[in-house]
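Undergrad: Starting off with a structure, shown below.
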Amino acid sequence: MKANFIKRISTILFLSCLFLSCSSDLDFDQTKDLKLEPVFVANLPYFNIPATQLINDGSVALYPDVTEFDAFKEKFFRDNLVKVGLDFEIDNTIIRAFRIDLLLLDANNQVLERDTYNVQAYSGTSNIIKFPTEVFEGQRLELLKRTTKLGFLVTMAPGPPLDQNSTGNLKFRSGATVYMVIE
Amino acid sequence: MRKLYLILLVAFQLSSFAQNKEVLYNFTSIPQSSLVNPGADVSYKFYFGIPVLSGVSANLGSSSFSAYDLFANNGVDFNDKVRNVINNSSGKDKTQVNQQLELFSGGFRVGGRDSQSYISFGAYQEFDFLMYVPKDLAILALDGNRDYIGKAFNLADLNVRAEVLSVFHVGFHKKLNEKLVLGGRAKLYSSGANATSTKNSGFIYTGQSAGSPNIYEQVIASNLELKTSGIATFTKDEYEGSIPKDIAHNTFFNGSLGFGIDAGLTYYFRDNLQFTASVVDLGFINHTKDIETLTYKGTYNYKGANPSFDPVNEPGDIFDEFDKAIPRDTLYSKYTTWRPTKFYSSIQYSFGESRSNADCNCKGKVTSSYANAVGGQLFIMSMPVEPFVALTAFYKRNIFEKLDLKATYTFDSYSNKNIGLGVSGTLGKLNMYLLVNNVLEYKDVSKANSIAFQFGFNFVFHDSEE
């Protein structure tokens, strides 16, 4: 009987140990500190104009274009965007110099910003220009966020005439690096 | 969007489990052991569970991180903790929750005093949640794609299922002879809410190659599908009600119905050498109520706008192109989900005559006449990515006539030092049991990768007690 009693007590003690569990101090409010800082890269406009599309007697010529650009329509994107870097690259193999003007236009077709990129006429050697990254922060970024259309104005400088047998292309490509902070 | 991240985090936190009930399995002094093996050698004249208190169980498991890893109050920046958790996880790591609450249960012997046939029945509510760590998508959200040029972020990492259901069941088991017990159980499932997104595939890729017309090569191939039943109503703006209340109502009275079976056996090679096996929840649910399936299927190669310098042939809006390439579709077709099927098996060797007088417990003679039992158990459960497997070694001891203990040691993907302890005791006709696993982790539960417990109260009546 006594042995049973001791056994019973020890069993109870043993079991109660089981339930004397502990936990480290946890702080669930930390979720408020969650801050995501992803950096995305994405393509922006590109074009490839063959010399044969620019048939010309040697004088100045202008080629305009406007494309819709509604990346900033999305409020979440707009609100969490802190910095944008734009990279432009021109590869010219046409025997004429070019100037490419990029115009950021708002919904009312007002020009928010105008950036100019020049490339020399092709002379037989590699003619690729990588322009320094255009960084949009602060006030400049606010203007960018209002952009709804991108305008391009390609100006071909005077030079040798171009006909349907002319060779070469004017290649333009661009990309964005988008810095977001999501809190 | 931020809400989404928070929901994901909370889900991470809540989640953890495997439905392995290794301590309960073959613990035949507890009537509920016939829920994990309908062919368990359980005997009684009749029993009934105390409503709502006869079987309360919860399983939480997270294979790659613990609550402590994310929420420790240790001064480490929360974002660093999230990053560490993601870095230390793989797409095969999972978090699971399983909770069951028995509403009522009972059983009785049929066919007179010498019969060894039993019928048991009951109803329980169950909540299941399983999510694999969406590692690639988490990296994309944390870091973006800039530093991952050439990497395809795998959309198959998005793998989650959740369900609230009620189960009504009736089982029958019979001891055919001294060697063999066979049993089966039929189950009627009523699913109040289900969300299943387990067959996703696709990728998000950013590459770079010289000489291409674009700076980046960007492809999104998406084959995403989220099936829901009993949830769509709540997502509508005009919904004004109490979600928990409505889910509870649907779970019991207006759920999508399904059917399943359990089957099991106990076989004695010798008096003291026993083999058991069971299959639980071999069944399906046919989702028909308030169904809604969302899909994003398609492939999009993003190049950027392409001005043509030709006012006549203006290219279309590229953002519209995306919506056209990978449209969001909503379907309203019925679907079927399979219940997570569990398979158990055990082998047990008994030794040492019990000090109690076995004659008074005539129906459980074979097992109760030994004081000790050792053995091994195997558990396998079907899962979307790969089956969950656990191996258990156990020791059972009958201390007094009415007090049984069981200790288990389990290896599985959550832990390799999972010690479980269970006790089942009877005071008068009141049977009480308490089963806990991962007891080592109780010294600091916040650091546990998995925790499970179960307890309950039943009234059990044997012939000898009349």
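Chain labels run A, B, ... following the order of the structure tokens; each chain numbers its residues from 1, and ligands are numbered from 1 in the order shown.
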Could you list, as a compact mmCIF listing (two decimals) with C-alpha atoms, in the first residue's frame, every residue within 8 Å of segment 65-71 of chain A, counting only C-alpha atoms and ignoring same-chain residues fewer than 5 positions away?
TA:
```
# COMPACT_ATOMS: atom_id res chain seq x y z
CA THR A 147 3.99 60.99 -65.84
CA THR A 148 1.30 59.30 -67.93
CA LYS A 149 2.92 59.49 -71.36
CA LEU A 150 6.39 59.33 -72.72
CA GLY A 151 7.27 61.52 -75.66
CA PHE A 152 10.21 60.85 -77.92
CA LEU A 153 11.61 63.35 -80.32
CA ALA B 305 6.87 50.12 -74.84
CA PRO B 307 7.45 53.63 -80.05
CA SER B 308 6.99 53.16 -83.77
CA PHE B 309 7.45 56.77 -84.91
CA ASP B 310 4.55 56.01 -87.16
CA PRO B 311 1.37 57.87 -86.16
CA ASP B 317 -0.88 49.93 -74.32
CA PHE B 319 -0.16 47.32 -69.51
```
Undergrad: Which chain A residues have any atom within 6 Å of an atom of chain B, and for each, what is the nearest pair of atoms with distance in Å to one decimal, counting only C-alpha atoms, rows sorted by chain and number, as JSON lines?
TA:
```
{"residue": "A:Ser21", "atom": "CA", "partner": "B:Tyr442", "partner_atom": "CA", "distance": 4.6}
{"residue": "A:Cys22", "atom": "CA", "partner": "B:Asp444", "partner_atom": "CA", "distance": 4.8}
{"residue": "A:Ser23", "atom": "CA", "partner": "B:Asp444", "partner_atom": "CA", "distance": 4.3}
{"residue": "A:Asp25", "atom": "CA", "partner": "B:Asn73", "partner_atom": "CA", "distance": 5.8}
{"residue": "A:Leu26", "atom": "CA", "partner": "B:Ala72", "partner_atom": "CA", "distance": 4.7}
{"residue": "A:Asp27", "atom": "CA", "partner": "B:Asn73", "partner_atom": "CA", "distance": 5.3}
{"residue": "A:Phe28", "atom": "CA", "partner": "B:Phe71", "partner_atom": "CA", "distance": 5.9}
{"residue": "A:Leu34", "atom": "CA", "partner": "B:Asn79", "partner_atom": "CA", "distance": 5.8}
{"residue": "A:Leu36", "atom": "CA", "partner": "B:Leu142", "partner_atom": "CA", "distance": 5.4}
{"residue": "A:Pro38", "atom": "CA", "partner": "B:Asp143", "partner_atom": "CA", "distance": 4.1}
{"residue": "A:Val39", "atom": "CA", "partner": "B:Gly144", "partner_atom": "CA", "distance": 4.5}
{"residue": "A:Phe40", "atom": "CA", "partner": "B:Gly144", "partner_atom": "CA", "distance": 4.8}
{"residue": "A:Val41", "atom": "CA", "partner": "B:Arg146", "partner_atom": "CA", "distance": 5.3}
{"residue": "A:Asn43", "atom": "CA", "partner": "B:Gly304", "partner_atom": "CA", "distance": 5.0}
{"residue": "A:Leu44", "atom": "CA", "partner": "B:Gly304", "partner_atom": "CA", "distance": 4.6}
{"residue": "A:Pro45", "atom": "CA", "partner": "B:Ala305", "partner_atom": "CA", "distance": 4.4}
{"residue": "A:Tyr46", "atom": "CA", "partner": "B:Asn306", "partner_atom": "CA", "distance": 5.3}
{"residue": "A:Phe47", "atom": "CA", "partner": "B:Asn306", "partner_atom": "CA", "distance": 5.6}
{"residue": "A:Asp65", "atom": "CA", "partner": "B:Phe309", "partner_atom": "CA", "distance": 5.1}
{"residue": "A:Arg173", "atom": "CA", "partner": "B:Asn214", "partner_atom": "CA", "distance": 5.7}
```
Undergrad: Figure out the distance between atom CA of Phe203 of chain B and atom CA of Val97 of chain B, please, to one decimal in Å.
TA: 28.1 Å
Undergrad: Could you pull the residues within 9 Å of Asp163 of chain A, counting only C-alpha atoms, minus those fewer than 3 positions along the same chain, as a list in words?
TA: Ala51, Thr52, Gln53, Leu54, Ile55, Asn56, Asp57, Ser166 and Thr167 of chain A
Undergrad: Which value, in Å to one decimal, gives the distance between atom CA of Phe284 of chain B and atom CA of Ser229 of chain B?
TA: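 Interatomic distance, atom CA of Phe284 of chain B to atom CA of Ser229 of chain B: 14.1 Å.
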Undergrad: For each of A:Lys73, A:Lys171, A:Arg146, A:Lys32, take the minimum atom-to-atom distance to Lys130 of chain A, counting only C-alpha atoms, then give the residue where this is smallest.
TA: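 When distances to Lys130 of chain A are compared using only C-alpha atoms, the smallest one comes from A:Lys171.
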Undergrad: I'd like the contact shell of Gln99 of chain B - 7 Å cut-off, only C-alpha atoms, skipping same-chain residues fewer than 6 positions apart - returned as number ranges by chain.
TA: B: 57-59, 126-128
Undergrad: I'd like to know which residues of segment 244-415 of chain B are strand (DSSP E or B) (by DSSP, run on the backbone); could you write them as a PyMOL selection string?
TA: chain B and resi 256-270+273-287+291-302+328-331+335-338+342-353+370-381+388-400+403-411
